[in-house]
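Data block below; observations after.
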Amino acid sequence: MSTRADVPRGVGQATVSTVRRAVLWVPDWPVAAAMTAAGLGSEVPAAVLHGRGMVAVSAAARAAGVKRGMRKRLAQRACPELEILPYDEGRDSREFEAVAAAAERVVAGVEVSRPGLLMIPADGAARFHGSEEALAEALVSSIADYAGYECSVGAADGLLAAIVAARNSALVPVGGSADYLASLPIDTLVLAAMERQHREAVEDLAGVLSRLGLYSLHDFTALPSADVLARFGPAGMWAYRIGRGEDVRPPVLRRSEDDIAVEYVFEEPAQRVEQLALVAAHVAGQLDAALLEAGVRCGRVCIAARTERGDSLERVWRTDVGSRSGAFAKHMADRVRWQLEGWLSGTSQGPEPAPLVSLTVTAQDVITLGSEQAYLWGGVSGADARAHRTLERIQGLIGADGVLSVREQGGRDPRDRVLALPWGQESTPSRRIEHPWPGRIPDPAPATVLVSSQPLALLDAGGQPVTVNRRLGMSAPPTWVRLPVDPRDERMAAARRHPSSGHVGDVGEPSWGLPQPIESWAGPWPVVERWWAPDSTRGAYVQIAVREGPAVLASFSGGAWALEAVYD
Amino acid sequence: MSGDSTETRLARARAALGAVHQKVGVERVPDEAPALPLAEALGALLPQGLRRGQVVSVEGATSLMLALGAAASAAGSWTAIVGLPRVGVVAAARRGIELSRLALMPHPGVQAAQVVGACVDGMDVVMLGPRLALSHADRRRLASRARERGSVLIVAGQWDGANVSLKVESSRWRGLGSGDGRLREREMTVVVSGRSQGSRRRVNVTLDVDPGVAWARPGARTVIDEEVA
């Protein structure tokens with residue numbers, strides 16, 4: 001490879017296979033999407049704020065002096081009427097679907113590289129439209145007509161040249177990419193990095209290169225490639241190849257499949273579950289037929305019911321329609337019944353129960369038949385299918401909420417760290433596991449986590465209750481612990497009834513076991529959560545090992561001790 | 001007859017038994033049910049491994065139940081936990097149970113027998129809580145169903161006729177001091193008995209092995225303080 005750099009540029013390029021591509025770029029996409037979502041006109045100065053700085057700035061705001069990366073205060077000083085919008089990656093991708101759909105009216109396949117940037121293999125499309133200019137014109141007018149955004153289109157060989165060409169609305173002639181790129185500054189490389197982490201890595205690389213005195217892409221790509229790989233690793237090699245106008249991978253085209261929805265409107269509002277289940281079976285049959293007709297299958301099904309008051313109850317279920325060809329209608333009817341029974345009887349959360357006016361079943365994650373992903377080796381194993389069938393059967397016996405699937409989520413105390421959902425239902429954890437969660441109770445995790453905390457008494461050597469003050473000082477080292485016993489335990493109940501235990505009869509207090517000697521303990525560890533919100537908690541945790549027995553996790557808050565978990 | 005040595009009598013008895021076997025055509029195969037994978041640390045508890053079709057009862061430690069099922073779950077088995085609403089899911093995950101192949105049925109209620117029966121049919125490892133509404137007849141039926149289907153029942157509390165019963169006699173935690181340290185490592189003394197186990201024996205098992213325990217010895221600080229004083 002190292003001899004390649006000595007070869008004249010034109011010859012080196014000839015050996016590299018690149019894809020001629022057209023790139024469609026919507027300037028300032030995050031802010032354009034946010035303004036559309038907020039219903040603002042393009043003349044309003046707006047910016048999207050993420051973390052401490054602005055990530056995207058609209059044209060009007062830029063004219064007023066707001067720049068990317070500016071802090072909120074500075075931006076507001078430059079432009080007091082600036083509309084500051086929140087950052088939302090989901091919204092960016094969602095809104096961009098409209099642009100991708102508009103582009104697909106002109107060309108057959110597009111790759112969404114990132115929200116705001118579309119990539120189209122130009123050869124075939126340009127031949128179909130007559131020329132690249134005609135293709136660019138058709139794309140720009142289609143986006144403006146159907147999606148309502150301004151965009152610019154460029155075409156070149158290779159990834160980076162095409163992206164730069166799109167930003168300049170240029171059409172680089174075939175084979176001219178390397179010369180087109182040569183004079184550009186080194187930080188142009190960042191434009192070709194699509195994911196955030198990758199972009200940060202490339203930004204760092206560009207910083208290092210410019211400090212080394214390599215200011216243009218030509219300076220960088222003139223280095224011997226072996227030295228680049230040795231000094232900068234795979235990231236450097238990626239930048240090197242991109243900077244030479246090469247392609248790292250061919251564009252991956254998507255084929256869009258719309259969600260398929262079937263709606264049933266009740267002639268008069270329905271309130272009885274049986275009635276709804278019948279309709280559900282009917283709707284599911286229709287959906288099954290629609291899926292079959294389109295030659296697709298779906299990964300998830302969303303069931304939405306709308307009430308007279310305008311509320312709607314929506315849940316997404318994971319399902320595999322393709323594998324249960326005949327049983328889909330019954331399967332769906334069960335899901336609808338589970339979802340609505342709990343809601344109409346008022347046991348599960350949701351809007352206030354009211355008669356329903358319509359029921360919609362939507363197939364999501366639609367994929368063409370035969371293109372679903374199986375395991376690397378073989379299909380879905382027999383044991384997996386058997387287990388799924390078993391769990392669905394049990395759900396039929398004891399209800400959807402009786403069978404839970406669990407996932408780990410972020411949190412500090414052991415109870416918060418679990419997300420339990422009815423088996424088959426889809427949802428995303430609200431507490432991210434990657435966040436640091438300072439003050440988390442250290443591993444090993446307790447094997448028994450109480451569903452709700454129980455009272456516990458922690459006594460010092462003299463039998464006085466131990467307390468923790470605001471500065472996390474213990475009033476005395478804990479020496480005895482009294483755990484509550486199961487009220488159903490007859491021996492303990494008898495002991496409690498005995499006059500020698502101090503009181504007679506049930507006084508509504510927990511039944512205490514005998515005091516047990518504490519062998520060792522650790523803590524108190526403070527945990528203060530959500531101090532800014534009304535549901536704030538403030539407490540301290542202690543780990544206690546009882547002699548010859550299990551260890552327990554106890555919490556102190558509001559002047560009382562509680563048993564949280566048992567390490568049994 | 002009385003003059004024969006024990007060896008010759010034994011040899012004759014064996015030969016007679018062999019003749020009967022040949023005549024009837026029944027050769028008793030040793031119980032070779034395939035075993036599910038088991039963590040190495042627990043090998044002392046179940047020397048034959050976690051054989052399919054067995055009932056293992058565990059008294060006094062939820063973590064031991066989770067540890068028994070962990071290696072099998074990590075290797076691709078499905079696990080159901082019935083009637084244990086307080087099981088620590090994070091602990092299960094840390095021990096190696098794959099949460100995507102785990103289903104919890106915390107409150108099966110009066111339908112416990114049907115639910116456990118369905119689980120035995122469809123899942124590989126089924127863990128049962130101590131307070132399930134199962135009669136003796138239900139339990140016998142479930143055990144024979146598990147034997148037939150080749151799934152393993154791991155039961156909290158007593159279970160008559162369990163193949164192996166493990167009872168935690170005592171457990172000692174290391175890593176805690178007096179107000180310092182944290183729970184790190186635990187040693188349990190487990191009494192192993194059961195139908196196919198022969199005589200009772202005591203086994204020491206260490207769970208949550210933590211190499212840091214050796215140098216973070218609890219109470220080290222206090223000892224030094226006493227010496228200075």
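In the structure tokens, chains take letters A, B, ... by order of appearance, with residues numbered from 1 within each chain and ligands from 1 in the order shown.
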
#### Entry: Distance-based interface of chain B with chain A, 6 Å, counting only C-alpha atoms, as a PyMOL selection string
chain B and resi 61-63+86-88+91+103-105+122-123+170-172+176-182

Nearby residues (only C-alpha atoms) at most 10 Å from Ala39 (chain B), same-chain spacing under 4 positions excluded, as an mmCIF file with N, CA, C and O atoms, in the first residue's frame:
data_model
loop_
_atom_site.group_PDB
_atom_site.id
_atom_site.type_symbol
_atom_site.label_atom_id
_atom_site.label_comp_id
_atom_site.auth_asym_id
_atom_site.auth_seq_id
_atom_site.Cartn_x
_atom_site.Cartn_y
_atom_site.Cartn_z
ATOM 1 N N GLY B 43 -20.647 -27.696 41.392
ATOM 2 C CA GLY B 43 -20.426 -29.096 41.072
ATOM 3 C C GLY B 43 -20.407 -29.979 42.310
ATOM 4 O O GLY B 43 -20.822 -31.137 42.263
ATOM 5 N N GLY B 49 -24.486 -33.334 37.989
ATOM 6 C CA GLY B 49 -24.966 -32.244 37.157
ATOM 7 C C GLY B 49 -26.456 -32.032 37.357
ATOM 8 O O GLY B 49 -27.116 -32.738 38.126
ATOM 9 N N LEU B 50 -26.995 -31.049 36.647
ATOM 10 C CA LEU B 50 -28.418 -30.731 36.752
ATOM 11 C C LEU B 50 -29.143 -31.592 35.718
ATOM 12 O O LEU B 50 -29.335 -31.190 34.580
ATOM 13 N N ALA B 67 -28.642 -19.445 41.037
ATOM 14 C CA ALA B 67 -27.337 -19.926 40.589
ATOM 15 C C ALA B 67 -27.454 -21.294 39.927
ATOM 16 O O ALA B 67 -26.753 -21.576 38.962
ATOM 17 N N LEU B 68 -28.363 -22.134 40.435
ATOM 18 C CA LEU B 68 -28.517 -23.462 39.842
ATOM 19 C C LEU B 68 -29.006 -23.365 38.401
ATOM 20 O O LEU B 68 -28.585 -24.122 37.531
ATOM 21 N N GLY B 69 -29.926 -22.418 38.137
ATOM 22 C CA GLY B 69 -30.487 -22.321 36.792
ATOM 23 C C GLY B 69 -29.680 -21.466 35.848
ATOM 24 O O GLY B 69 -29.993 -21.395 34.662
ATOM 25 N N ALA B 70 -28.640 -20.780 36.367
ATOM 26 C CA ALA B 70 -27.997 -19.731 35.571
ATOM 27 C C ALA B 70 -27.264 -20.276 34.353
ATOM 28 O O ALA B 70 -27.476 -19.803 33.238
ATOM 29 N N ALA B 71 -26.429 -21.294 34.566
ATOM 30 C CA ALA B 71 -25.597 -21.752 33.448
ATOM 31 C C ALA B 71 -26.469 -22.309 32.328
ATOM 32 O O ALA B 71 -26.198 -22.098 31.144
ATOM 33 N N ALA B 72 -27.560 -22.992 32.705
ATOM 34 C CA ALA B 72 -28.447 -23.550 31.688
ATOM 35 C C ALA B 72 -29.088 -22.425 30.878
ATOM 36 O O ALA B 72 -29.182 -22.499 29.651
ATOM 37 N N ARG B 95 -26.173 -13.323 37.806
ATOM 38 C CA ARG B 95 -25.725 -14.706 37.923
ATOM 39 C C ARG B 95 -25.671 -15.396 36.572
ATOM 40 O O ARG B 95 -25.191 -16.511 36.474
ATOM 41 N N GLY B 96 -26.231 -14.772 35.566
ATOM 42 C CA GLY B 96 -26.094 -15.346 34.223
ATOM 43 C C GLY B 96 -27.403 -15.768 33.599
ATOM 44 O O GLY B 96 -27.402 -16.348 32.523
#

### Message
So that I can check the secondary structure, give me every residue of region 222-301 of chain A assigned strand (DSSP E) by backbone DSSP, as a PyMOL selection string.
### Response
chain A and resi 260-270+296-301

### Message
Report as a list in words all protein, DNA and RNA residues lying within 9 Å of Arg431 (chain A), evaluated on only C-alpha atoms, omitting residues in the same chain fewer than 3 positions from it.
### Response
Gln409, Gly410, Gly411, Arg417, Thr428, Glu434 and His435 of chain A

Export of prior selection with C-alpha atoms as a PDB file, in the first residue's frame:
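File produced: again08.pdb:
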ATOM      1  CA  GLN A 409     -33.081  -0.512  33.687  1.00  0.00           C
ATOM      2  CA  GLY A 410     -31.121   2.219  35.390  1.00  0.00           C
ATOM      3  CA  GLY A 411     -31.732   3.054  39.024  1.00  0.00           C
ATOM      4  CA  ARG A 417     -33.629  -1.394  38.509  1.00  0.00           C
ATOM      5  CA  THR A 428     -38.757   1.333  26.176  1.00  0.00           C
ATOM      6  CA  GLU A 434     -25.923   3.580  30.645  1.00  0.00           C
ATOM      7  CA  HIS A 435     -26.325   6.632  32.853  1.00  0.00           C
TER       8      HIS A 435
END

#### Entry: Gap from CA of Val528 (chain A) to CA of Ala476 (chain A) - Å, one decimal
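Going from CA of Val528 (chain A) over to CA of Ala476 (chain A), I get 22.6 Å.
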
### Task
Extract, using only C-alpha atoms, all DNA, RNA and protein residues at most 12 Å from Ala38 (chain A), discarding same-chain residues fewer than 2 positions from it, and format them as a list in words.
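Here the answer would be Val31, Ala32, Ala33, Ala34, Met35, Thr36, Leu40, Gly41, Ser42, Val44, Ala46, Val48, Glu83, Ile84, Leu85, Pro86, Arg91 and Glu95 of chain A.
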
Take the residues from that selection and put them in a file with N, CA, C and O atoms, as an mmCIF file, in the first residue's frame.
data_model
loop_
_atom_site.group_PDB
_atom_site.id
_atom_site.type_symbol
_atom_site.label_atom_id
_atom_site.label_comp_id
_atom_site.auth_asym_id
_atom_site.auth_seq_id
_atom_site.Cartn_x
_atom_site.Cartn_y
_atom_site.Cartn_z
ATOM 1 N N VAL A 31 -33.144 21.860 13.023
ATOM 2 C CA VAL A 31 -33.990 23.025 13.298
ATOM 3 C C VAL A 31 -35.159 23.067 12.310
ATOM 4 O O VAL A 31 -36.281 23.434 12.676
ATOM 5 N N ALA A 32 -34.938 22.634 11.068
ATOM 6 C CA ALA A 32 -36.047 22.616 10.103
ATOM 7 C C ALA A 32 -37.137 21.657 10.579
ATOM 8 O O ALA A 32 -38.335 21.989 10.551
ATOM 9 N N ALA A 33 -36.712 20.467 11.070
ATOM 10 C CA ALA A 33 -37.689 19.487 11.552
ATOM 11 C C ALA A 33 -38.405 20.009 12.785
ATOM 12 O O ALA A 33 -39.628 19.880 12.925
ATOM 13 N N ALA A 34 -37.651 20.644 13.689
ATOM 14 C CA ALA A 34 -38.252 21.138 14.928
ATOM 15 C C ALA A 34 -39.248 22.248 14.630
ATOM 16 O O ALA A 34 -40.298 22.345 15.265
ATOM 17 N N MET A 35 -38.920 23.100 13.633
ATOM 18 C CA MET A 35 -39.832 24.200 13.303
ATOM 19 C C MET A 35 -41.110 23.650 12.680
ATOM 20 O O MET A 35 -42.203 24.164 12.942
ATOM 21 N N THR A 36 -40.978 22.628 11.853
ATOM 22 C CA THR A 36 -42.184 22.029 11.281
ATOM 23 C C THR A 36 -43.050 21.431 12.383
ATOM 24 O O THR A 36 -44.270 21.620 12.409
ATOM 25 N N LEU A 40 -43.838 26.472 13.162
ATOM 26 C CA LEU A 40 -43.301 27.815 12.955
ATOM 27 C C LEU A 40 -43.009 28.033 11.481
ATOM 28 O O LEU A 40 -42.655 27.109 10.764
ATOM 29 N N GLY A 41 -43.113 29.263 11.023
ATOM 30 C CA GLY A 41 -42.773 29.587 9.641
ATOM 31 C C GLY A 41 -41.271 29.743 9.499
ATOM 32 O O GLY A 41 -40.553 29.896 10.487
ATOM 33 N N SER A 42 -40.790 29.706 8.260
ATOM 34 C CA SER A 42 -39.339 29.702 8.063
ATOM 35 C C SER A 42 -38.718 31.063 8.366
ATOM 36 O O SER A 42 -37.497 31.175 8.465
ATOM 37 N N VAL A 44 -39.115 32.741 11.088
ATOM 38 C CA VAL A 44 -38.873 32.880 12.531
ATOM 39 C C VAL A 44 -37.443 32.471 12.835
ATOM 40 O O VAL A 44 -36.993 31.423 12.396
ATOM 41 N N ALA A 46 -34.901 30.590 14.791
ATOM 42 C CA ALA A 46 -35.047 29.472 15.728
ATOM 43 C C ALA A 46 -33.728 28.724 15.814
ATOM 44 O O ALA A 46 -32.889 28.797 14.903
ATOM 45 N N VAL A 48 -31.942 24.911 17.756
ATOM 46 C CA VAL A 48 -32.162 23.707 18.566
ATOM 47 C C VAL A 48 -31.048 23.625 19.591
ATOM 48 O O VAL A 48 -29.871 23.727 19.255
ATOM 49 N N GLU A 83 -36.342 31.642 18.945
ATOM 50 C CA GLU A 83 -37.200 30.549 19.406
ATOM 51 C C GLU A 83 -36.286 29.362 19.696
ATOM 52 O O GLU A 83 -35.634 28.856 18.774
ATOM 53 N N ILE A 84 -36.198 28.948 20.962
ATOM 54 C CA ILE A 84 -35.284 27.838 21.291
ATOM 55 C C ILE A 84 -36.089 26.545 21.384
ATOM 56 O O ILE A 84 -37.051 26.448 22.138
ATOM 57 N N LEU A 85 -35.699 25.576 20.583
ATOM 58 C CA LEU A 85 -36.465 24.326 20.488
ATOM 59 C C LEU A 85 -35.649 23.185 21.087
ATOM 60 O O LEU A 85 -34.423 23.208 21.026
ATOM 61 N N PRO A 86 -36.321 22.203 21.655
ATOM 62 C CA PRO A 86 -35.582 21.095 22.274
ATOM 63 C C PRO A 86 -35.024 20.135 21.228
ATOM 64 O O PRO A 86 -35.514 20.066 20.098
ATOM 65 N N ARG A 91 -37.604 12.803 16.632
ATOM 66 C CA ARG A 91 -38.370 13.721 15.801
ATOM 67 C C ARG A 91 -37.632 13.981 14.488
ATOM 68 O O ARG A 91 -38.240 14.000 13.418
ATOM 69 N N GLU A 95 -39.526 13.134 11.014
ATOM 70 C CA GLU A 95 -39.877 14.162 10.037
ATOM 71 C C GLU A 95 -39.177 13.906 8.708
ATOM 72 O O GLU A 95 -39.691 14.251 7.653
#

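Taking CA of Leu183 (chain B) and CA of Val527 (chain A) as the two end points, the separation is 17.9 Å.
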
### Message
Set the distance at 6 Å and use only C-alpha atoms: which residues neighbour Gly53 (chain B) once local chain neighbours fewer than 3 positions away are removed? I'd like the list as a ChimeraX atom specification.
### Response
/B:146-147,150-152

Output the selection as a PDB file, in the first residue's frame - N, CA and C atoms for each residue.
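Writing the result to part-v1.pdb gives the following:
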ATOM      1  N   ALA B 146     -42.480 -33.616  34.755  1.00  0.00           N
ATOM      2  CA  ALA B 146     -41.139 -33.068  34.516  1.00  0.00           C
ATOM      3  C   ALA B 146     -40.198 -34.178  34.065  1.00  0.00           C
ATOM      4  N   ARG B 147     -40.358 -35.372  34.692  1.00  0.00           N
ATOM      5  CA  ARG B 147     -39.491 -36.488  34.319  1.00  0.00           C
ATOM      6  C   ARG B 147     -39.725 -36.860  32.862  1.00  0.00           C
ATOM      7  N   GLY B 150     -38.544 -33.882  30.575  1.00  0.00           N
ATOM      8  CA  GLY B 150     -37.129 -33.536  30.633  1.00  0.00           C
ATOM      9  C   GLY B 150     -36.854 -32.116  31.069  1.00  0.00           C
ATOM     10  N   SER B 151     -37.767 -31.530  31.848  1.00  0.00           N
ATOM     11  CA  SER B 151     -37.460 -30.207  32.374  1.00  0.00           C
ATOM     12  C   SER B 151     -37.078 -30.332  33.839  1.00  0.00           C
ATOM     13  N   VAL B 152     -36.433 -29.317  34.349  1.00  0.00           N
ATOM     14  CA  VAL B 152     -35.929 -29.355  35.720  1.00  0.00           C
ATOM     15  C   VAL B 152     -36.793 -28.447  36.581  1.00  0.00           C
TER      16      VAL B 152
END

### Task
Give me the residues within 7 Å of Asn163 (chain B) as a PyMOL selection string, counting only C-alpha atoms and dropping any in the same chain fewer than 5 places off.
chain B and resi 54-56+194-196

Write the residues you've just listed into a file as an mmCIF file, in the first residue's frame, and include all heavy atoms for each of them.
data_model
loop_
_atom_site.group_PDB
_atom_site.id
_atom_site.type_symbol
_atom_site.label_atom_id
_atom_site.label_comp_id
_atom_site.auth_asym_id
_atom_site.auth_seq_id
_atom_site.Cartn_x
_atom_site.Cartn_y
_atom_site.Cartn_z
ATOM 1 N N GLN B 54 -35.364 -33.832 36.804
ATOM 2 C CA GLN B 54 -35.185 -33.900 38.252
ATOM 3 C C GLN B 54 -36.005 -32.827 38.963
ATOM 4 O O GLN B 54 -36.368 -31.814 38.372
ATOM 5 C CB GLN B 54 -33.717 -33.651 38.595
ATOM 6 C CG GLN B 54 -32.876 -34.889 38.571
ATOM 7 C CD GLN B 54 -31.556 -34.652 39.263
ATOM 8 O OE1 GLN B 54 -31.092 -33.531 39.354
ATOM 9 N NE2 GLN B 54 -30.968 -35.720 39.738
ATOM 10 N N VAL B 55 -36.259 -33.072 40.237
ATOM 11 C CA VAL B 55 -36.804 -32.039 41.108
ATOM 12 C C VAL B 55 -35.739 -31.728 42.143
ATOM 13 O O VAL B 55 -35.264 -32.620 42.836
ATOM 14 C CB VAL B 55 -38.093 -32.513 41.807
ATOM 15 C CG1 VAL B 55 -38.614 -31.430 42.722
ATOM 16 C CG2 VAL B 55 -39.127 -32.903 40.783
ATOM 17 N N VAL B 56 -35.324 -30.476 42.207
ATOM 18 C CA VAL B 56 -34.322 -30.043 43.173
ATOM 19 C C VAL B 56 -35.012 -29.076 44.118
ATOM 20 O O VAL B 56 -35.569 -28.075 43.669
ATOM 21 C CB VAL B 56 -33.136 -29.339 42.473
ATOM 22 C CG1 VAL B 56 -32.111 -28.911 43.489
ATOM 23 C CG2 VAL B 56 -32.517 -30.233 41.434
ATOM 24 N N GLY B 194 -31.586 -36.382 49.792
ATOM 25 C CA GLY B 194 -32.557 -36.615 48.733
ATOM 26 C C GLY B 194 -32.570 -38.050 48.307
ATOM 27 O O GLY B 194 -31.757 -38.853 48.741
ATOM 28 N N ARG B 195 -33.527 -38.341 47.420
ATOM 29 C CA ARG B 195 -33.792 -39.715 47.063
ATOM 30 C C ARG B 195 -32.595 -40.373 46.410
ATOM 31 O O ARG B 195 -32.238 -41.482 46.706
ATOM 32 C CB ARG B 195 -34.979 -39.755 46.113
ATOM 33 C CG ARG B 195 -36.015 -40.754 46.520
ATOM 34 C CD ARG B 195 -37.221 -40.585 45.674
ATOM 35 N NE ARG B 195 -36.870 -40.481 44.262
ATOM 36 C CZ ARG B 195 -37.735 -40.111 43.331
ATOM 37 N NH1 ARG B 195 -38.961 -39.801 43.668
ATOM 38 N NH2 ARG B 195 -37.387 -40.044 42.071
ATOM 39 N N SER B 196 -31.981 -39.681 45.483
ATOM 40 C CA SER B 196 -30.903 -40.321 44.724
ATOM 41 C C SER B 196 -29.540 -39.868 45.232
ATOM 42 O O SER B 196 -28.596 -39.813 44.478
ATOM 43 C CB SER B 196 -31.064 -39.989 43.246
ATOM 44 O OG SER B 196 -31.305 -38.607 43.099
#

### Contacts of Val361 (chain A) at 12 Å (only C-alpha atoms; same-chain gap of 4+ positions) as a PyMOL selection string
chain A and resi 259-265+279-288+290+300-306+313-317+329+332-333+335-336

Write to file, as an mmCIF file, in the first residue's frame, the residues of the selection just made, with C-alpha atoms.
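part-v6.cif written:
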data_model
loop_
_atom_site.group_PDB
_atom_site.id
_atom_site.type_symbol
_atom_site.label_atom_id
_atom_site.label_comp_id
_atom_site.auth_asym_id
_atom_site.auth_seq_id
_atom_site.Cartn_x
_atom_site.Cartn_y
_atom_site.Cartn_z
ATOM 1 C CA ASP A 259 -47.606 0.435 8.190
ATOM 2 C CA ILE A 260 -50.841 -1.299 7.362
ATOM 3 C CA ALA A 261 -53.802 -0.259 9.471
ATOM 4 C CA VAL A 262 -57.349 -1.537 9.700
ATOM 5 C CA GLU A 263 -59.905 0.573 11.504
ATOM 6 C CA TYR A 264 -63.359 -0.355 12.685
ATOM 7 C CA VAL A 265 -65.790 2.379 13.627
ATOM 8 C CA VAL A 279 -64.906 -7.010 16.461
ATOM 9 C CA ALA A 280 -61.229 -7.589 17.199
ATOM 10 C CA ALA A 281 -61.344 -11.024 15.601
ATOM 11 C CA HIS A 282 -63.032 -9.505 12.578
ATOM 12 C CA VAL A 283 -60.509 -6.644 12.310
ATOM 13 C CA ALA A 284 -57.600 -9.009 12.780
ATOM 14 C CA GLY A 285 -58.912 -11.197 9.986
ATOM 15 C CA GLN A 286 -59.027 -8.152 7.730
ATOM 16 C CA LEU A 287 -55.499 -7.165 8.708
ATOM 17 C CA ASP A 288 -54.272 -10.686 8.057
ATOM 18 C CA ALA A 290 -54.317 -7.161 3.897
ATOM 19 C CA ARG A 300 -45.332 -5.648 15.942
ATOM 20 C CA VAL A 301 -49.004 -4.877 16.155
ATOM 21 C CA CYS A 302 -50.364 -1.709 17.701
ATOM 22 C CA ILE A 303 -53.900 -1.826 19.078
ATOM 23 C CA ALA A 304 -55.520 1.555 19.606
ATOM 24 C CA ALA A 305 -58.982 2.138 20.988
ATOM 25 C CA ARG A 306 -60.601 5.576 20.949
ATOM 26 C CA LEU A 313 -55.685 3.735 24.688
ATOM 27 C CA GLU A 314 -52.765 2.404 22.739
ATOM 28 C CA ARG A 315 -50.472 -0.534 23.307
ATOM 29 C CA VAL A 316 -47.887 -2.182 21.100
ATOM 30 C CA TRP A 317 -47.520 -5.957 21.104
ATOM 31 C CA ALA A 329 -57.365 -13.554 14.286
ATOM 32 C CA MET A 332 -55.310 -10.710 18.144
ATOM 33 C CA ALA A 333 -58.743 -11.057 19.716
ATOM 34 C CA ARG A 335 -54.704 -9.309 22.918
ATOM 35 C CA VAL A 336 -57.575 -6.869 22.464
#

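When CA of Arg145 (chain B) is paired with CA of Arg200 (chain B), their separation reads 26.7 Å.
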
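Backbone DSSP over region 256-319 of chain A gives helix (DSSP H, G or I) for Val273, Glu274, Gln275, Leu276, Ala277, Leu278, Val279, Ala280, Ala281, His282, Val283, Ala284, Gly285, Gln286, Leu287, Asp288, Ala289, Ala290, Leu291, Leu292, Glu293 and Ala294 of chain A.
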
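Proximity ranking of B:Arg149, B:Arg202, B:Arg186, B:Arg174 relative to Cys119 (chain B) places B:Arg149 first, based on only C-alpha atoms.
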
### Message
Could you check the closest approach to Arg131 (chain B) for each of B:Val115, B:Val82, B:Val209, B:Ala92 and tell me which residue wins, using only C-alpha atoms?
### Response
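Looking only at the distances to Arg131 (chain B), the closest residue turns out to be B:Val82.
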